[in-house]
Amino acid sequence: MDKTQTIQLFHILIIASLFIYIGTARTNIPDFMFPIILGLGAIVILYHSYKVYASPDRAWLYLIHALIIGPLLVYIGYTGKNTERRYFEMLLLLAFATLGYNGFYFVQEILQ
């Protein structure tokens, strides 16, 4: 398995599962999770902002992470139990997009 497949599998198994859990449990998740979500969002923003400049050929993908996914995680983590339902639903949409995008390319690589 190459690096790309490992990243895809990580997104399928870990990231999508985490987003589905957060999106469905919403404000019923334990309180200690909100600072973790906020920190994860900050890391996503910083790392993918760097990757925009380091790998400009895939800048569109890194911009989605830095401008949409990261800020959404920061917002949910910051507002905690006061987060409106629509933001959790946005996270669910991103979870299914993650499954579809990474799942498609993962299966495509295996079948070649």
# chains A, B, ... in the order shown; residues from 1 in each chain; ligands from 1

call {"tool": "residues_around", "arguments": {"residues": "Ile29 in chain A", "least_positions_apart": "3", "cutoff": "12 Å", "atoms": "only C-alpha atoms", "output": "list of chain:residue names"}}
result
A:Leu18, A:Phe19, A:Ile20, A:Tyr21, A:Ile22, A:Gly23, A:Thr24, A:Ala25, A:Arg26, A:Phe32, A:Met33, A:Phe34, A:Pro35, A:Ile36, A:Ile37, A:Ile76, A:Gly77, A:Gly80, A:Lys81, A:Thr83, A:Phe88

call {"tool": "write_last_selection", "arguments": {"atoms": "N, CA and C atoms", "output": "PDB file, in the first residue's frame"}}
result
ATOM      1  N   LEU A  18     -15.220   9.675  12.657  1.00  0.00           N
ATOM      2  CA  LEU A  18     -15.257  10.739  13.665  1.00  0.00           C
ATOM      3  C   LEU A  18     -16.306  11.794  13.308  1.00  0.00           C
ATOM      4  N   PHE A  19     -16.328  12.210  12.047  1.00  0.00           N
ATOM      5  CA  PHE A  19     -17.300  13.216  11.622  1.00  0.00           C
ATOM      6  C   PHE A  19     -18.734  12.695  11.743  1.00  0.00           C
ATOM      7  N   ILE A  20     -18.955  11.432  11.408  1.00  0.00           N
ATOM      8  CA  ILE A  20     -20.300  10.852  11.541  1.00  0.00           C
ATOM      9  C   ILE A  20     -20.704  10.789  13.006  1.00  0.00           C
ATOM     10  N   TYR A  21     -19.788  10.403  13.866  1.00  0.00           N
ATOM     11  CA  TYR A  21     -20.084  10.363  15.304  1.00  0.00           C
ATOM     12  C   TYR A  21     -20.453  11.752  15.819  1.00  0.00           C
ATOM     13  N   ILE A  22     -19.622  12.740  15.518  1.00  0.00           N
ATOM     14  CA  ILE A  22     -19.876  14.102  15.993  1.00  0.00           C
ATOM     15  C   ILE A  22     -21.178  14.636  15.398  1.00  0.00           C
ATOM     16  N   GLY A  23     -21.386  14.387  14.111  1.00  0.00           N
ATOM     17  CA  GLY A  23     -22.576  14.906  13.438  1.00  0.00           C
ATOM     18  C   GLY A  23     -23.867  14.287  13.908  1.00  0.00           C
ATOM     19  N   THR A  24     -23.834  13.030  14.306  1.00  0.00           N
ATOM     20  CA  THR A  24     -25.058  12.380  14.768  1.00  0.00           C
ATOM     21  C   THR A  24     -25.282  12.562  16.269  1.00  0.00           C
ATOM     22  N   ALA A  25     -24.222  12.551  17.046  1.00  0.00           N
ATOM     23  CA  ALA A  25     -24.360  12.720  18.499  1.00  0.00           C
ATOM     24  C   ALA A  25     -24.602  14.180  18.853  1.00  0.00           C
ATOM     25  N   ARG A  26     -24.126  15.081  18.007  1.00  0.00           N
ATOM     26  CA  ARG A  26     -24.260  16.532  18.188  1.00  0.00           C
ATOM     27  C   ARG A  26     -23.862  16.962  19.596  1.00  0.00           C
ATOM     28  N   PHE A  32     -15.363  16.868  27.021  1.00  0.00           N
ATOM     29  CA  PHE A  32     -13.927  16.896  26.725  1.00  0.00           C
ATOM     30  C   PHE A  32     -13.635  16.836  25.232  1.00  0.00           C
ATOM     31  N   MET A  33     -14.624  16.449  24.419  1.00  0.00           N
ATOM     32  CA  MET A  33     -14.417  16.343  22.973  1.00  0.00           C
ATOM     33  C   MET A  33     -14.327  17.708  22.287  1.00  0.00           C
ATOM     34  N   PHE A  34     -15.005  18.707  22.826  1.00  0.00           N
ATOM     35  CA  PHE A  34     -15.046  20.003  22.149  1.00  0.00           C
ATOM     36  C   PHE A  34     -13.667  20.665  22.040  1.00  0.00           C
ATOM     37  N   PRO A  35     -12.847  20.673  23.084  1.00  0.00           N
ATOM     38  CA  PRO A  35     -11.494  21.220  22.893  1.00  0.00           C
ATOM     39  C   PRO A  35     -10.652  20.401  21.910  1.00  0.00           C
ATOM     40  N   ILE A  36     -10.881  19.100  21.858  1.00  0.00           N
ATOM     41  CA  ILE A  36     -10.170  18.237  20.894  1.00  0.00           C
ATOM     42  C   ILE A  36     -10.585  18.611  19.476  1.00  0.00           C
ATOM     43  N   ILE A  37     -11.876  18.818  19.273  1.00  0.00           N
ATOM     44  CA  ILE A  37     -12.386  19.210  17.956  1.00  0.00           C
ATOM     45  C   ILE A  37     -11.805  20.566  17.549  1.00  0.00           C
ATOM     46  N   ILE A  76     -17.333  24.458  15.778  1.00  0.00           N
ATOM     47  CA  ILE A  76     -18.028  23.477  16.617  1.00  0.00           C
ATOM     48  C   ILE A  76     -17.300  23.312  17.948  1.00  0.00           C
ATOM     49  N   GLY A  77     -15.987  23.218  17.899  1.00  0.00           N
ATOM     50  CA  GLY A  77     -15.217  23.071  19.124  1.00  0.00           C
ATOM     51  C   GLY A  77     -15.328  24.275  20.031  1.00  0.00           C
ATOM     52  N   GLY A  80     -19.149  24.593  21.299  1.00  0.00           N
ATOM     53  CA  GLY A  80     -19.493  23.458  22.161  1.00  0.00           C
ATOM     54  C   GLY A  80     -20.956  23.087  22.133  1.00  0.00           C
ATOM     55  N   LYS A  81     -21.550  22.977  23.317  1.00  0.00           N
ATOM     56  CA  LYS A  81     -22.946  22.550  23.456  1.00  0.00           C
ATOM     57  C   LYS A  81     -23.925  23.561  22.876  1.00  0.00           C
ATOM     58  N   THR A  83     -23.650  24.866  19.898  1.00  0.00           N
ATOM     59  CA  THR A  83     -23.580  24.800  18.438  1.00  0.00           C
ATOM     60  C   THR A  83     -24.953  24.467  17.869  1.00  0.00           C
ATOM     61  N   PHE A  88     -23.638  20.761  12.688  1.00  0.00           N
ATOM     62  CA  PHE A  88     -23.406  19.324  12.788  1.00  0.00           C
ATOM     63  C   PHE A  88     -23.842  18.629  11.496  1.00  0.00           C
TER      64      PHE A  88
END

call {"tool": "residues_around", "arguments": {"residues": "Pro71 in chain A", "least_positions_apart": "3", "cutoff": "8 Å", "atoms": "only C-alpha atoms", "output": "PyMOL selection string"}}
result
chain A and resi 41-42+45+66-68+74-75

call {"tool": "atom_distance", "arguments": {"atom1": "CA of Leu9 in chain A", "atom2": "CA of Ser49 in chain A"}}
result
22.1 Å

call {"tool": "closest_residue", "arguments": {"among": "A:Val44, A:Arg86, A:Leu92, A:Val52", "to": "Ile69 in chain A", "atoms": "only C-alpha atoms"}}
result
A:Val44

call {"tool": "closest_residue", "arguments": {"among": "A:Asn102, A:Ala95, A:Leu63, A:Tyr50", "to": "Phe10 in chain A", "atoms": "only C-alpha atoms"}}
result
A:Asn102

call {"tool": "residues_around", "arguments": {"residues": "range 103-109 of chain A", "least_positions_apart": "2", "cutoff": "9 Å", "atoms": "only C-alpha atoms", "output": "list in words"}}
result
Thr4, Gln5, Gln8, Leu9, His11, Ile12, Thr98, Leu99, Gly100, Tyr101, Leu111 and Gln112 of chain A

call {"tool": "write_last_selection", "arguments": {"atoms": "all heavy atoms", "output": "compact mmCIF listing (two decimals), in the first residue's frame"}}
result
# COMPACT_ATOMS: atom_id res chain seq x y z
N THR A 4 -0.49 7.37 -0.72
CA THR A 4 -1.80 7.89 -1.08
C THR A 4 -2.91 6.97 -0.57
O THR A 4 -3.91 7.44 -0.02
CB THR A 4 -1.91 8.06 -2.60
OG1 THR A 4 -0.88 8.95 -3.04
CG2 THR A 4 -3.26 8.62 -3.00
N GLN A 5 -2.75 5.68 -0.74
CA GLN A 5 -3.76 4.73 -0.25
C GLN A 5 -3.87 4.76 1.27
O GLN A 5 -4.96 4.62 1.82
CB GLN A 5 -3.44 3.33 -0.74
CG GLN A 5 -3.68 3.14 -2.22
CD GLN A 5 -3.27 1.76 -2.68
OE1 GLN A 5 -2.21 1.27 -2.32
NE2 GLN A 5 -4.11 1.15 -3.49
N GLN A 8 -5.88 7.80 2.10
CA GLN A 8 -7.28 7.56 1.77
C GLN A 8 -7.94 6.65 2.81
O GLN A 8 -9.07 6.92 3.25
CB GLN A 8 -7.39 6.94 0.38
CG GLN A 8 -7.04 7.91 -0.72
CD GLN A 8 -6.82 7.25 -2.06
OE1 GLN A 8 -6.61 6.04 -2.14
NE2 GLN A 8 -6.84 8.04 -3.12
N LEU A 9 -7.26 5.59 3.18
CA LEU A 9 -7.80 4.67 4.18
C LEU A 9 -7.98 5.37 5.53
O LEU A 9 -8.97 5.14 6.23
CB LEU A 9 -6.88 3.45 4.31
CG LEU A 9 -7.49 2.18 4.86
CD1 LEU A 9 -8.71 1.76 4.07
CD2 LEU A 9 -6.46 1.07 4.86
N HIS A 11 -8.65 8.54 5.97
CA HIS A 11 -9.84 9.38 5.85
C HIS A 11 -11.13 8.55 5.88
O HIS A 11 -12.12 8.97 6.48
CB HIS A 11 -9.78 10.21 4.57
CG HIS A 11 -8.94 11.43 4.69
ND1 HIS A 11 -7.57 11.40 4.59
CD2 HIS A 11 -9.26 12.73 4.93
CE1 HIS A 11 -7.10 12.62 4.74
NE2 HIS A 11 -8.10 13.45 4.96
N ILE A 12 -11.11 7.38 5.26
CA ILE A 12 -12.29 6.52 5.23
C ILE A 12 -12.61 5.98 6.62
O ILE A 12 -13.75 6.06 7.09
CB ILE A 12 -12.09 5.35 4.23
CG1 ILE A 12 -12.03 5.89 2.80
CG2 ILE A 12 -13.20 4.31 4.38
CD1 ILE A 12 -11.49 4.89 1.78
N THR A 98 -16.30 12.74 2.29
CA THR A 98 -15.02 12.08 2.56
C THR A 98 -15.08 10.60 2.19
O THR A 98 -14.17 10.08 1.55
CB THR A 98 -14.66 12.23 4.06
OG1 THR A 98 -14.52 13.61 4.34
CG2 THR A 98 -13.39 11.50 4.41
N LEU A 99 -16.15 9.95 2.60
CA LEU A 99 -16.32 8.53 2.26
C LEU A 99 -16.37 8.33 0.75
O LEU A 99 -15.72 7.44 0.21
CB LEU A 99 -17.59 7.97 2.89
CG LEU A 99 -17.55 7.62 4.35
CD1 LEU A 99 -18.94 7.26 4.86
CD2 LEU A 99 -16.59 6.47 4.60
N GLY A 100 -17.16 9.15 0.08
CA GLY A 100 -17.30 9.00 -1.37
C GLY A 100 -16.03 9.29 -2.13
O GLY A 100 -15.60 8.49 -2.97
N TYR A 101 -15.39 10.41 -1.84
CA TYR A 101 -14.19 10.82 -2.57
C TYR A 101 -13.05 9.84 -2.34
O TYR A 101 -12.46 9.30 -3.28
CB TYR A 101 -13.78 12.24 -2.14
CG TYR A 101 -12.54 12.74 -2.83
CD1 TYR A 101 -12.60 13.32 -4.09
CD2 TYR A 101 -11.28 12.63 -2.23
CE1 TYR A 101 -11.46 13.78 -4.72
CE2 TYR A 101 -10.13 13.08 -2.86
CZ TYR A 101 -10.24 13.66 -4.10
OH TYR A 101 -9.11 14.10 -4.74
N LEU A 111 -8.32 -1.72 -8.00
CA LEU A 111 -8.77 -2.43 -9.21
C LEU A 111 -7.82 -2.30 -10.38
O LEU A 111 -7.91 -3.03 -11.34
CB LEU A 111 -10.16 -1.95 -9.60
CG LEU A 111 -11.28 -2.26 -8.61
CD1 LEU A 111 -12.59 -1.68 -9.09
CD2 LEU A 111 -11.39 -3.75 -8.37
N GLN A 112 -6.86 -1.38 -10.31
CA GLN A 112 -5.92 -1.22 -11.42
C GLN A 112 -4.80 -2.22 -11.36
O GLN A 112 -4.32 -2.70 -10.47
CB GLN A 112 -5.34 0.19 -11.43
CG GLN A 112 -6.34 1.19 -11.90
CD GLN A 112 -5.76 2.59 -11.95
OE1 GLN A 112 -4.71 2.87 -11.38
NE2 GLN A 112 -6.44 3.49 -12.63

call {"tool": "decode", "arguments": {"residues": "range 47-81 of chain A", "atoms": "N, CA and C atoms", "output": "PDB file, in the first residue's frame"}}
result
ATOM      1  N   TYR A  47      -1.929  23.016   8.827  1.00  0.00           N
ATOM      2  CA  TYR A  47      -1.246  22.048   7.972  1.00  0.00           C
ATOM      3  C   TYR A  47      -1.622  22.223   6.502  1.00  0.00           C
ATOM      4  N   HIS A  48      -2.914  22.358   6.234  1.00  0.00           N
ATOM      5  CA  HIS A  48      -3.341  22.436   4.848  1.00  0.00           C
ATOM      6  C   HIS A  48      -3.059  23.804   4.232  1.00  0.00           C
ATOM      7  N   SER A  49      -2.962  24.840   5.057  1.00  0.00           N
ATOM      8  CA  SER A  49      -2.517  26.141   4.538  1.00  0.00           C
ATOM      9  C   SER A  49      -1.073  26.037   4.058  1.00  0.00           C
ATOM     10  N   TYR A  50      -0.257  25.334   4.820  1.00  0.00           N
ATOM     11  CA  TYR A  50       1.127  25.092   4.389  1.00  0.00           C
ATOM     12  C   TYR A  50       1.158  24.273   3.100  1.00  0.00           C
ATOM     13  N   LYS A  51       0.334  23.243   3.021  1.00  0.00           N
ATOM     14  CA  LYS A  51       0.336  22.356   1.851  1.00  0.00           C
ATOM     15  C   LYS A  51      -0.097  23.076   0.576  1.00  0.00           C
ATOM     16  N   VAL A  52      -0.905  24.135   0.689  1.00  0.00           N
ATOM     17  CA  VAL A  52      -1.294  24.911  -0.496  1.00  0.00           C
ATOM     18  C   VAL A  52      -0.051  25.426  -1.206  1.00  0.00           C
ATOM     19  N   TYR A  53       0.924  25.893  -0.439  1.00  0.00           N
ATOM     20  CA  TYR A  53       2.150  26.434  -1.015  1.00  0.00           C
ATOM     21  C   TYR A  53       3.176  25.349  -1.328  1.00  0.00           C
ATOM     22  N   ALA A  54       3.179  24.277  -0.557  1.00  0.00           N
ATOM     23  CA  ALA A  54       4.150  23.209  -0.766  1.00  0.00           C
ATOM     24  C   ALA A  54       3.793  22.328  -1.962  1.00  0.00           C
ATOM     25  N   SER A  55       2.502  22.159  -2.229  1.00  0.00           N
ATOM     26  CA  SER A  55       2.041  21.322  -3.344  1.00  0.00           C
ATOM     27  C   SER A  55       0.966  22.063  -4.130  1.00  0.00           C
ATOM     28  N   PRO A  56       1.339  23.054  -4.905  1.00  0.00           N
ATOM     29  CA  PRO A  56       0.333  23.877  -5.601  1.00  0.00           C
ATOM     30  C   PRO A  56      -0.506  23.107  -6.623  1.00  0.00           C
ATOM     31  N   ASP A  57      -0.029  21.958  -7.082  1.00  0.00           N
ATOM     32  CA  ASP A  57      -0.803  21.174  -8.043  1.00  0.00           C
ATOM     33  C   ASP A  57      -2.091  20.614  -7.428  1.00  0.00           C
ATOM     34  N   ARG A  58      -2.130  20.472  -6.117  1.00  0.00           N
ATOM     35  CA  ARG A  58      -3.332  19.977  -5.427  1.00  0.00           C
ATOM     36  C   ARG A  58      -3.901  21.045  -4.488  1.00  0.00           C
ATOM     37  N   ALA A  59      -3.642  22.301  -4.824  1.00  0.00           N
ATOM     38  CA  ALA A  59      -4.055  23.406  -3.949  1.00  0.00           C
ATOM     39  C   ALA A  59      -5.556  23.407  -3.688  1.00  0.00           C
ATOM     40  N   TRP A  60      -6.356  23.059  -4.687  1.00  0.00           N
ATOM     41  CA  TRP A  60      -7.810  23.066  -4.513  1.00  0.00           C
ATOM     42  C   TRP A  60      -8.238  22.157  -3.364  1.00  0.00           C
ATOM     43  N   LEU A  61      -7.608  21.001  -3.249  1.00  0.00           N
ATOM     44  CA  LEU A  61      -7.953  20.051  -2.193  1.00  0.00           C
ATOM     45  C   LEU A  61      -7.543  20.590  -0.823  1.00  0.00           C
ATOM     46  N   TYR A  62      -6.373  21.179  -0.754  1.00  0.00           N
ATOM     47  CA  TYR A  62      -5.890  21.731   0.510  1.00  0.00           C
ATOM     48  C   TYR A  62      -6.687  22.972   0.920  1.00  0.00           C
ATOM     49  N   LEU A  63      -7.147  23.747  -0.050  1.00  0.00           N
ATOM     50  CA  LEU A  63      -7.971  24.917   0.258  1.00  0.00           C
ATOM     51  C   LEU A  63      -9.321  24.512   0.844  1.00  0.00           C
ATOM     52  N   ILE A  64      -9.889  23.423   0.359  1.00  0.00           N
ATOM     53  CA  ILE A  64     -11.143  22.917   0.933  1.00  0.00           C
ATOM     54  C   ILE A  64     -10.939  22.595   2.407  1.00  0.00           C
ATOM     55  N   HIS A  65      -9.820  21.964   2.725  1.00  0.00           N
ATOM     56  CA  HIS A  65      -9.517  21.640   4.123  1.00  0.00           C
ATOM     57  C   HIS A  65      -9.303  22.899   4.959  1.00  0.00           C
ATOM     58  N   ALA A  66      -8.506  23.840   4.416  1.00  0.00           N
ATOM     59  CA  ALA A  66      -8.119  25.035   5.179  1.00  0.00           C
ATOM     60  C   ALA A  66      -9.246  26.058   5.309  1.00  0.00           C
ATOM     61  N   LEU A  67     -10.133  26.125   4.328  1.00  0.00           N
ATOM     62  CA  LEU A  67     -11.157  27.166   4.332  1.00  0.00           C
ATOM     63  C   LEU A  67     -12.555  26.686   4.705  1.00  0.00           C
ATOM     64  N   ILE A  68     -12.791  25.383   4.659  1.00  0.00           N
ATOM     65  CA  ILE A  68     -14.132  24.862   4.984  1.00  0.00           C
ATOM     66  C   ILE A  68     -14.090  23.902   6.175  1.00  0.00           C
ATOM     67  N   ILE A  69     -13.329  22.833   6.049  1.00  0.00           N
ATOM     68  CA  ILE A  69     -13.335  21.791   7.084  1.00  0.00           C
ATOM     69  C   ILE A  69     -12.744  22.297   8.397  1.00  0.00           C
ATOM     70  N   GLY A  70     -11.555  22.875   8.330  1.00  0.00           N
ATOM     71  CA  GLY A  70     -10.904  23.370   9.544  1.00  0.00           C
ATOM     72  C   GLY A  70     -11.734  24.400  10.291  1.00  0.00           C
ATOM     73  N   PRO A  71     -12.202  25.462   9.611  1.00  0.00           N
ATOM     74  CA  PRO A  71     -13.023  26.452  10.311  1.00  0.00           C
ATOM     75  C   PRO A  71     -14.311  25.878  10.903  1.00  0.00           C
ATOM     76  N   LEU A  72     -14.920  24.916  10.216  1.00  0.00           N
ATOM     77  CA  LEU A  72     -16.124  24.282  10.769  1.00  0.00           C
ATOM     78  C   LEU A  72     -15.804  23.543  12.057  1.00  0.00           C
ATOM     79  N   LEU A  73     -14.697  22.823  12.078  1.00  0.00           N
ATOM     80  CA  LEU A  73     -14.294  22.118  13.296  1.00  0.00           C
ATOM     81  C   LEU A  73     -13.977  23.100  14.421  1.00  0.00           C
ATOM     82  N   VAL A  74     -13.275  24.189  14.090  1.00  0.00           N
ATOM     83  CA  VAL A  74     -12.966  25.207  15.094  1.00  0.00           C
ATOM     84  C   VAL A  74     -14.260  25.788  15.661  1.00  0.00           C
ATOM     85  N   TYR A  75     -15.206  26.090  14.797  1.00  0.00           N
ATOM     86  CA  TYR A  75     -16.473  26.670  15.246  1.00  0.00           C
ATOM     87  C   TYR A  75     -17.220  25.719  16.176  1.00  0.00           C
ATOM     88  N   ILE A  76     -17.333  24.458  15.778  1.00  0.00           N
ATOM     89  CA  ILE A  76     -18.028  23.477  16.617  1.00  0.00           C
ATOM     90  C   ILE A  76     -17.300  23.312  17.948  1.00  0.00           C
ATOM     91  N   GLY A  77     -15.987  23.218  17.899  1.00  0.00           N
ATOM     92  CA  GLY A  77     -15.217  23.071  19.124  1.00  0.00           C
ATOM     93  C   GLY A  77     -15.328  24.275  20.031  1.00  0.00           C
ATOM     94  N   TYR A  78     -15.385  25.465  19.452  1.00  0.00           N
ATOM     95  CA  TYR A  78     -15.447  26.699  20.238  1.00  0.00           C
ATOM     96  C   TYR A  78     -16.830  26.906  20.861  1.00  0.00           C
ATOM     97  N   THR A  79     -17.881  26.672  20.083  1.00  0.00           N
ATOM     98  CA  THR A  79     -19.225  26.921  20.598  1.00  0.00           C
ATOM     99  C   THR A  79     -19.752  25.770  21.451  1.00  0.00           C
ATOM    100  N   GLY A  80     -19.149  24.593  21.299  1.00  0.00           N
ATOM    101  CA  GLY A  80     -19.493  23.458  22.161  1.00  0.00           C
ATOM    102  C   GLY A  80     -20.956  23.087  22.133  1.00  0.00           C
ATOM    103  N   LYS A  81     -21.550  22.977  23.317  1.00  0.00           N
ATOM    104  CA  LYS A  81     -22.946  22.550  23.456  1.00  0.00           C
ATOM    105  C   LYS A  81     -23.925  23.561  22.876  1.00  0.00           C
TER     106      LYS A  81
END
